[in-house]
>>> print(open('query-v3.txt').read())   # compact mmCIF, C-alpha atoms
# COMPACT_ATOMS: atom_id res chain seq x y z
CA MET A 1 -3.78 -27.63 -103.76
CA ASN A 2 -6.99 -27.04 -101.84
CA ASP A 3 -8.79 -26.05 -105.03
CA CYS A 4 -7.75 -29.32 -106.68
CA THR A 5 -8.82 -31.32 -103.64
CA ASN A 6 -12.24 -29.70 -103.70
CA TYR A 7 -12.54 -30.32 -107.42
CA PHE A 8 -11.86 -34.05 -107.08
CA PHE A 9 -14.17 -34.31 -104.08
CA LEU A 10 -17.04 -32.81 -106.07
CA PHE A 11 -16.28 -35.01 -109.06
CA ALA A 12 -16.32 -38.17 -106.95
CA PHE A 13 -19.79 -37.41 -105.65
CA SER A 14 -21.31 -36.04 -108.86
CA GLU A 15 -23.01 -39.32 -109.82
CA VAL A 16 -26.31 -39.48 -107.99
CA PRO A 17 -27.81 -42.89 -107.09
CA ILE A 18 -30.57 -42.77 -109.70
CA ASP A 19 -27.89 -42.52 -112.40
CA LYS A 20 -25.33 -44.73 -110.67
CA TRP A 21 -27.64 -47.65 -109.87
CA ARG A 22 -30.47 -47.12 -112.34
CA PRO A 23 -30.91 -45.85 -115.94
CA GLY A 24 -32.55 -42.64 -114.75
CA TYR A 25 -35.91 -44.11 -113.71
CA LEU A 26 -37.19 -46.40 -110.94
CA TRP A 27 -39.62 -49.22 -110.47
CA VAL A 28 -42.24 -48.69 -107.78
CA SER A 29 -40.72 -51.66 -105.97
CA HIS A 30 -37.54 -49.64 -105.39
CA LEU A 31 -39.50 -47.17 -103.24
CA THR A 32 -41.23 -49.91 -101.26
CA SER A 33 -37.82 -51.52 -100.66
CA GLN A 34 -36.59 -48.20 -99.29
CA LEU A 35 -39.50 -48.06 -96.87
CA TRP A 36 -38.45 -51.47 -95.53
CA CYS A 37 -34.71 -50.69 -95.36
CA GLU A 38 -32.97 -48.24 -97.64
CA GLN A 39 -29.48 -49.42 -96.71
CA GLN A 40 -30.41 -53.00 -97.60
CA MET A 41 -31.73 -51.83 -100.96
CA GLU A 42 -28.49 -49.98 -101.74
CA TYR A 43 -26.39 -52.99 -100.78
CA GLY A 44 -28.47 -54.98 -103.24
CA PHE A 45 -26.91 -52.76 -105.93
CA SER A 46 -23.39 -52.41 -104.52
CA ARG A 47 -22.93 -55.93 -103.09
CA PRO A 48 -25.08 -58.23 -105.26
CA GLN A 49 -22.64 -61.12 -104.74
CA LEU A 50 -23.71 -61.31 -101.07
CA ALA A 51 -27.43 -61.60 -101.79
CA SER A 52 -29.01 -65.01 -101.33
CA PRO A 53 -31.02 -66.67 -104.12
CA ASP A 54 -34.77 -66.07 -104.02
CA PRO A 55 -36.28 -68.26 -101.26
CA PRO A 56 -38.81 -70.96 -102.26
CA GLN A 57 -41.78 -68.91 -101.01
CA MET A 58 -40.81 -66.03 -103.33
CA VAL A 59 -40.54 -68.39 -106.29
CA ARG A 60 -43.92 -69.87 -105.38
CA GLY A 61 -45.40 -66.38 -105.10
CA SER A 62 -44.25 -65.57 -108.64
CA GLU A 63 -45.86 -68.78 -109.90
CA LEU A 64 -49.19 -67.87 -108.28
CA HIS A 65 -49.04 -64.36 -109.75
CA LEU A 66 -48.48 -65.81 -113.21
CA ALA A 67 -51.33 -68.29 -112.82
CA ARG A 68 -53.74 -65.48 -111.90
CA GLU A 69 -52.51 -63.36 -114.76
CA LEU A 70 -53.14 -66.09 -117.33
CA GLU A 71 -56.70 -66.52 -116.04
CA SER A 72 -57.73 -63.16 -117.47
CA GLU A 73 -55.10 -62.06 -119.97
CA GLU A 74 -54.21 -63.24 -123.47
CA TYR A 75 -50.72 -62.65 -124.76
CA VAL A 76 -49.33 -62.16 -128.24
CA ASP A 77 -45.63 -62.43 -129.09
CA ILE A 78 -44.29 -59.21 -130.62
CA THR A 79 -40.78 -58.71 -131.97
CA VAL A 80 -39.16 -55.56 -130.59
CA GLN A 81 -36.18 -53.83 -132.19
CA SER A 82 -35.56 -50.80 -129.98
CA ASP A 83 -36.19 -49.20 -126.60
CA GLU A 84 -38.89 -47.17 -128.32
CA ASP A 85 -40.65 -50.44 -129.24
CA VAL A 86 -40.52 -51.66 -125.65
CA PHE A 87 -42.06 -48.49 -124.22
CA ALA A 88 -44.61 -48.35 -127.04
CA ILE A 89 -45.90 -51.78 -126.02
CA LYS A 90 -46.30 -50.60 -122.41
CA ILE A 91 -48.32 -47.58 -123.58
CA PHE A 92 -50.41 -49.70 -125.95
CA ASN A 93 -51.20 -52.26 -123.25
CA LEU A 94 -52.19 -49.54 -120.79
CA ILE A 95 -54.50 -47.92 -123.35
CA ASN A 96 -56.12 -51.29 -124.06
CA HIS A 97 -56.68 -51.94 -120.37
CA LEU A 98 -58.19 -48.48 -119.86
CA ASN A 99 -60.66 -49.12 -122.69
CA ASP A 100 -61.43 -52.70 -121.71
CA SER A 101 -64.90 -53.58 -120.48
CA LYS A 102 -63.82 -56.65 -118.51
CA GLU A 103 -64.59 -56.69 -114.80
CA ILE A 104 -60.98 -57.62 -114.02
CA SER A 105 -57.71 -56.66 -115.70
CA ARG A 106 -54.39 -57.99 -114.42
CA GLU A 107 -50.73 -57.02 -114.76
CA VAL A 108 -51.61 -53.54 -115.99
CA PRO A 109 -48.51 -51.47 -116.88
CA ILE A 110 -48.35 -48.06 -115.24
CA PHE A 111 -45.80 -45.26 -115.38
CA GLY A 112 -45.45 -41.57 -114.74
CA TRP A 113 -43.94 -38.82 -112.64
CA ILE A 114 -44.14 -38.25 -108.92
CA GLN A 115 -42.27 -35.08 -108.08
CA ASN A 116 -38.90 -35.39 -109.87
CA ILE A 117 -38.83 -39.18 -110.21
CA PHE A 118 -40.11 -41.20 -113.16
CA LEU A 119 -41.62 -44.50 -112.07
CA MET A 120 -42.70 -47.69 -113.78
CA GLY A 121 -44.72 -50.52 -112.35
CA LYS A 122 -47.34 -53.20 -112.92
CA ILE A 123 -50.68 -53.13 -111.15
CA ASP A 124 -51.62 -56.64 -110.07
CA GLU A 125 -55.31 -56.12 -110.68
CA ILE A 126 -57.85 -53.45 -111.60
CA GLN A 127 -61.44 -54.22 -110.73
CA ARG A 128 -64.06 -52.44 -112.79
CA LYS A 129 -67.64 -51.85 -111.70
CA ASP A 130 -70.00 -49.24 -113.16
CA ASN A 131 -67.02 -47.39 -114.73
CA LEU A 132 -65.34 -47.14 -111.32
CA LEU A 133 -61.83 -48.58 -111.21
CA LYS A 134 -60.43 -50.11 -108.02
CA ILE A 135 -56.74 -50.91 -107.76
CA SER A 136 -55.87 -54.18 -106.05
CA GLU A 137 -52.55 -55.74 -105.03
CA PHE A 138 -52.09 -59.51 -104.59
CA LYS A 139 -49.62 -60.71 -101.95
CA THR A 140 -48.83 -64.32 -101.11
CA ARG A 141 -47.83 -65.62 -97.70
CA LYS A 142 -46.28 -68.96 -96.78
CA LYS A 143 -48.78 -69.30 -93.93
CA ALA A 144 -52.23 -67.78 -93.47
CA PHE A 145 -51.00 -64.95 -91.23
CA LEU A 146 -51.02 -61.25 -92.02
CA PRO A 147 -47.60 -59.55 -92.17
CA GLY A 148 -46.63 -57.03 -89.52
CA LYS A 149 -47.27 -53.31 -89.79
CA ALA A 150 -43.86 -52.53 -91.34
CA GLN A 151 -44.47 -54.86 -94.28
CA GLN A 152 -48.11 -53.84 -94.63
CA ASP A 153 -46.95 -50.22 -94.92
CA THR A 154 -44.80 -51.14 -97.94
CA HIS A 155 -47.88 -52.72 -99.56
CA LYS A 156 -49.99 -49.64 -98.81
CA LEU A 157 -47.36 -47.35 -100.31
CA GLN A 158 -47.31 -49.50 -103.44
CA VAL A 159 -51.05 -49.32 -104.14
CA MET A 160 -51.18 -45.60 -103.31
CA ILE A 161 -48.39 -44.88 -105.81
CA TYR A 162 -50.30 -46.87 -108.43
CA GLN A 163 -53.42 -44.84 -107.66
CA TYR A 164 -51.56 -41.55 -108.03
CA LEU A 165 -49.88 -42.54 -111.30
CA MET A 166 -53.19 -43.73 -112.75
CA SER A 167 -54.88 -40.45 -111.79
CA GLN A 168 -52.19 -38.50 -113.66
CA ILE A 169 -51.89 -40.64 -116.79
CA SER A 170 -53.80 -38.36 -119.17
CA ARG A 171 -51.54 -35.46 -118.10
CA LEU A 172 -48.27 -37.26 -118.77
CA ASP A 173 -45.60 -34.86 -120.04
CA ALA A 174 -44.51 -36.62 -123.25
CA LYS A 175 -41.36 -34.57 -123.91
CA ARG A 176 -40.11 -34.79 -120.34
CA THR A 177 -40.76 -38.54 -120.33
CA CYS A 178 -38.97 -39.22 -123.61
CA ASP A 179 -36.03 -37.07 -122.54
CA LYS A 180 -35.72 -38.95 -119.25
CA LEU A 181 -35.93 -42.38 -120.90
CA GLN A 182 -33.66 -41.23 -123.77
CA LEU A 183 -36.28 -42.16 -126.35
CA ASN A 184 -36.88 -40.56 -129.74
CA PRO A 185 -40.64 -39.92 -130.05
CA GLU A 186 -40.31 -39.48 -133.82
CA LYS A 187 -38.42 -42.71 -134.50
CA LYS A 188 -40.39 -45.17 -136.58
CA LEU A 189 -41.42 -48.20 -134.54
CA GLY A 190 -40.62 -51.75 -135.57
CA GLU A 191 -42.82 -53.40 -138.20
CA ASP A 192 -44.30 -55.92 -135.76
CA VAL A 193 -45.16 -53.18 -133.26
CA ILE A 194 -46.80 -51.06 -135.97
CA LYS A 195 -48.82 -54.07 -137.13
CA HIS A 196 -50.42 -54.42 -133.70
CA THR A 197 -50.64 -50.78 -132.60
CA SER A 198 -51.58 -49.25 -136.00
CA VAL A 199 -49.39 -46.23 -135.26
CA GLU A 200 -45.86 -45.49 -136.42
CA THR A 201 -44.22 -43.51 -133.61
CA LEU A 202 -44.13 -43.13 -129.85
CA ARG A 203 -45.50 -39.63 -130.27
CA ASP A 204 -48.64 -41.08 -131.86
CA LEU A 205 -49.21 -43.45 -128.96
CA LEU A 206 -48.50 -40.78 -126.35
CA CYS A 207 -51.06 -38.49 -128.02
CA ILE A 208 -53.66 -41.27 -127.86
CA LEU A 209 -52.82 -41.83 -124.19
CA GLN A 210 -53.24 -38.13 -123.40
CA LEU A 211 -56.62 -38.14 -125.14
CA GLN A 212 -57.95 -40.86 -122.85
CA PRO A 213 -60.83 -39.65 -120.68
CA GLN A 214 -60.02 -39.09 -117.03
CA VAL A 215 -60.52 -42.39 -115.22
CA THR A 216 -62.75 -42.56 -112.15
CA LEU A 217 -60.87 -44.24 -109.34
CA SER A 218 -62.25 -45.64 -106.12
CA ASP A 219 -60.86 -43.94 -103.03
CA LYS A 220 -60.60 -47.40 -101.50
CA LEU A 221 -57.68 -49.59 -102.54
CA LEU A 222 -57.47 -53.32 -101.92
CA ILE A 223 -54.70 -55.65 -100.76
CA GLU A 224 -55.43 -59.37 -100.96
CA TYR A 225 -53.35 -61.87 -98.99
CA SER A 226 -53.22 -65.46 -100.17
CA CYS A 227 -51.83 -68.54 -98.40
CA GLN A 228 -49.41 -70.41 -100.64
CA GLU A 229 -50.09 -73.78 -99.00
CA GLN A 230 -53.82 -73.55 -99.67
CA ASP A 231 -53.64 -71.32 -102.77
CA ALA A 232 -56.54 -69.32 -101.36
CA VAL A 233 -57.11 -65.73 -100.32
CA PHE A 234 -57.43 -65.53 -96.54
CA ALA A 235 -57.65 -61.75 -96.03
CA LYS A 236 -58.79 -58.68 -97.95
CA ILE A 237 -57.65 -55.35 -96.55
CA ASP A 238 -59.26 -52.12 -97.71
CA VAL A 239 -56.83 -49.20 -97.77
CA ALA A 240 -58.01 -45.60 -97.75
CA TYR A 241 -56.05 -43.51 -100.23
CA ASP A 242 -53.90 -41.02 -98.31
CA GLU A 243 -52.06 -38.86 -100.82
CA THR A 244 -50.38 -36.72 -98.17
CA TRP A 245 -48.84 -39.75 -96.45
CA MET A 246 -47.76 -41.24 -99.78
CA LEU A 247 -46.13 -38.06 -101.06
CA GLU A 248 -44.23 -37.61 -97.79
CA LYS A 249 -42.77 -41.11 -98.16
CA VAL A 250 -41.91 -40.55 -101.83
CA GLU A 251 -40.28 -37.20 -101.04
CA LYS A 252 -37.92 -38.85 -98.54
CA CYS A 253 -37.13 -41.62 -101.04
CA GLN A 254 -36.47 -39.02 -103.71
CA GLN A 255 -33.92 -37.25 -101.54
CA TYR A 256 -31.76 -40.37 -101.58
CA TRP A 257 -32.07 -41.01 -105.32
CA LEU A 258 -31.21 -37.41 -106.21
CA GLY A 259 -28.12 -37.46 -104.00
CA GLN A 260 -29.46 -35.09 -101.37
CA ARG A 261 -28.62 -37.49 -98.51
CA PRO A 262 -26.89 -40.86 -98.03
CA ALA A 263 -28.71 -44.16 -97.60
CA GLU A 264 -30.26 -44.79 -94.18
CA GLY A 265 -30.80 -48.07 -92.37
CA VAL A 266 -33.52 -48.95 -89.90
CA ASP A 267 -34.08 -47.31 -86.54
CA ILE A 268 -33.24 -49.24 -83.37
CA GLU A 269 -36.93 -50.08 -82.92
CA GLU A 270 -36.87 -51.98 -86.21
CA ALA A 271 -33.49 -53.66 -85.79
CA TRP A 272 -35.32 -57.02 -85.90
CA LYS A 273 -35.29 -56.63 -89.68
CA CYS A 274 -31.51 -57.14 -89.62
CA SER A 275 -31.98 -60.82 -88.71
CA MET A 276 -33.46 -61.35 -92.19
CA CYS A 277 -30.84 -59.34 -94.09
CA ASP A 278 -27.99 -60.84 -96.15
CA PHE A 279 -25.85 -57.74 -95.53
CA ALA A 280 -26.28 -57.43 -91.75
CA ASP A 281 -22.83 -58.72 -90.71
CA ASP A 282 -21.00 -55.96 -92.58
CA CYS A 283 -23.64 -53.22 -92.62
CA ALA A 284 -22.04 -49.82 -92.04
CA TRP A 285 -25.30 -48.36 -90.73
CA ARG A 286 -25.80 -51.21 -88.23
CA ILE A 287 -22.18 -51.09 -87.03
CA ALA A 288 -22.42 -47.32 -86.50
CA LYS A 289 -25.65 -47.70 -84.50
CA VAL A 290 -24.07 -50.35 -82.25
CA LYS A 291 -21.11 -48.04 -81.61
CA GLU A 292 -23.48 -45.18 -80.77
CA MET A 293 -25.26 -47.33 -78.21
CA GLN A 294 -21.97 -48.53 -76.70
CA SER A 295 -20.65 -44.98 -76.34
CA SER A 296 -23.89 -43.88 -74.69
CA GLY A 297 -23.80 -46.81 -72.25
CA ASN A 298 -26.98 -48.43 -73.55
CA VAL A 299 -25.24 -51.73 -74.39
>>> encode(input="query-v3.txt", output="structure tokens")
Amino acid sequence: MNDCTNYFFLFAFSEVPIDKWRPGYLWVSHLTSQLWCEQQMEYGFSRPQLASPDPPQMVRGSELHLARELESEEYVDITVQSDEDVFAIKIFNLINHLNDSKEISREVPIFGWIQNIFLMGKIDEIQRKDNLLKISEFKTRKKAFLPGKAQQDTHKLQVMIYQYLMSQISRLDAKRTCDKLQLNPEKKLGEDVIKHTSVETLRDLLCILQLQPQVTLSDKLLIEYSCQEQDAVFAKIDVAYDETWMLEKVEKCQQYWLGQRPAEGVDIEEAWKCSMCDFADDCAWRIAKVKEMQSSGNV
């Protein structure tokens, strides 16, 4: 009986979060959400019916991002027929941006491995000067006030991850990547994709990507804050690249996704975040913390 109980216990917990909530890979935004509140992020997957619609300032922020993007980028409609086609377009766009001579490139696709996690993302802007590339992130604010440290830290983590992924792009492990994304590198791409990329398989594009010269990246990253009311940048924050700090944050995030620990909420010092959370009233982490404080006589 005990053996059976143990068997079913192990089976119940065999599905790790990265496979339960995601198709085996993450967006960079998942890690920044964890840095804000990991429990909130998990509830976004397990209790989506409780999440509020995007607030007006978020919708407005998306509109401003799109407007900036269209200032510098031209788009062509391509018919895709498979997951291989979709990833091929990401690779092709990245290669084009790396070889572009424009001073500014926006919405640059980026992807790669950090430790045991495969990440995808889009870099808001890459500034190019004398063959030196500087990664920049564009954030909009309802009012012309900088966010607090907790939110700024999520922005810093984001640009540092982009920097790391960009520095590793020519060393991307093609087989490991295709295995993780369940893609066939030998499958012939769709006709429309071939017409624009001039190659027939993912393997061809991945080989071209790996042959790209090592990019020279500025050790200073940039975060621009824009006021939505005025549609104008009011602050530019230079961020020094700190790979040690970034990898420590990613390592802790990875532990959750690989099932090495359960989701964690915020510490007592950051309980103010709960006032902005759709899941606060029934948050197991928050309820447990309140009970801890009551039992210790601090409430």
>>> residues_around(input="query-v3.txt", residues="region 42-59 of chain A", least_positions_apart="4", cutoff="10 Å", atoms="all atoms listed in the file", output="list in words")
Pro17, Lys20, Trp21, Arg22, His30, Ser33, Gln34, Cys37, Glu38, Glu63, Leu64, Thr140, Arg141, Lys142, Lys143, Gln228, Glu229, Pro262, Ala263, Glu264, Gly265, Cys277, Asp278, Phe279 and Cys283 of chain A
>>> residues_around(input="query-v3.txt", residues="Phe118 (chain A)", least_positions_apart="5", cutoff="7 Å", atoms="all atoms listed in the file", output="number ranges by chain")
A: 25-26, 112-113
>>> closest_residue(input="query-v3.txt", among="A:Ile91, A:Ile223, A:Ile268, A:Met293", to="Asp238 (chain A)", atoms="all atoms listed in the file")
A:Ile223
>>> residues_around(input="query-v3.txt", residues="Leu133 (chain A)", least_positions_apart="5", cutoff="8 Å", atoms="only C-alpha atoms", output="PDB file with C-alpha atoms, in the frame of the given file")
ATOM      1  CA  ILE A 126     -57.850 -53.450-111.600  1.00  0.00           C
ATOM      2  CA  GLN A 127     -61.440 -54.220-110.730  1.00  0.00           C
ATOM      3  CA  ARG A 128     -64.060 -52.440-112.790  1.00  0.00           C
ATOM      4  CA  VAL A 215     -60.520 -42.390-115.220  1.00  0.00           C
ATOM      5  CA  THR A 216     -62.750 -42.560-112.150  1.00  0.00           C
ATOM      6  CA  LEU A 217     -60.870 -44.240-109.340  1.00  0.00           C
ATOM      7  CA  SER A 218     -62.250 -45.640-106.120  1.00  0.00           C
TER       8      SER A 218
END
>>> atom_distance(input="query-v3.txt", atom1="CA of Ser136 (chain A)", atom2="CA of Val159 (chain A)")
7.1 Å
>>> closest_atom_pairs(input="query-v3.txt", of="region 106-132 of chain A", to="region 97-102 of chain A", cutoff="10 Å", atoms="all atoms listed in the file", output="CSV")
residue,atom,partner,partner_atom,distance
A:Arg106,CA,A:His97,CA,8.8
A:Glu107,CA,A:His97,CA,9.6
A:Val108,CA,A:His97,CA,6.9
A:Pro109,CA,A:His97,CA,8.9
A:Ile126,CA,A:His97,CA,9.0
A:Gln127,CA,A:Lys102,CA,8.5
A:Arg128,CA,A:Lys102,CA,7.1
A:Lys129,CA,A:Lys102,CA,9.2
A:Asp130,CA,A:Ser101,CA,9.9
A:Asn131,CA,A:Ser101,CA,8.7
>>> axis_aligned_box(input="query-v3.txt", around="region 79-98 of chain A", padding_each_side="3 Å", output="AutoDock Vina command-line options")
--center_x -46.9 --center_y -52.9 --center_z -126.0 --size_x 28.6 --size_y 17.5 --size_z 18.3
>>> atom_distance(input="query-v3.txt", atom1="CA of Ser275 (chain A)", atom2="CA of Leu31 (chain A)")
21.3 Å
>>> atom_distance(input="query-v3.txt", atom1="CA of Val86 (chain A)", atom2="CA of Leu35 (chain A)")
29.0 Å
>>> closest_residue(input="query-v3.txt", among="A:Ile78, A:Ala288, A:Leu205, A:Ala67", to="Val266 (chain A)", atoms="only C-alpha atoms")
A:Ala288
>>> residues_around(input="query-v3.txt", residues="Tyr164 (chain A)", least_positions_apart="5", cutoff="9 Å", atoms="all atoms listed in the file", output="MDAnalysis selection string")
chainID A and resid 114 159 169 243
>>> closest_residue(input="query-v3.txt", among="A:Leu247, A:Ser296, A:Ile123, A:Leu206", to="Ala174 (chain A)", atoms="all atoms listed in the file")
A:Leu206
>>> closest_residue(input="query-v3.txt", among="A:Lys236, A:Lys90, A:Lys249, A:Lys187", to="Leu157 (chain A)", atoms="all atoms listed in the file")
A:Lys249
>>> closest_residue(input="query-v3.txt", among="A:Phe87, A:Trp285, A:Phe138, A:Tyr162", to="Lys122 (chain A)", atoms="all atoms listed in the file")
A:Tyr162
>>> residues_near_point(input="query-v3.txt", point="(-55.5, -62.5, -102.9)", cutoff="7 Å", atoms="only C-alpha atoms", output="ChimeraX atom specification")
/A:138-139,224-226,233
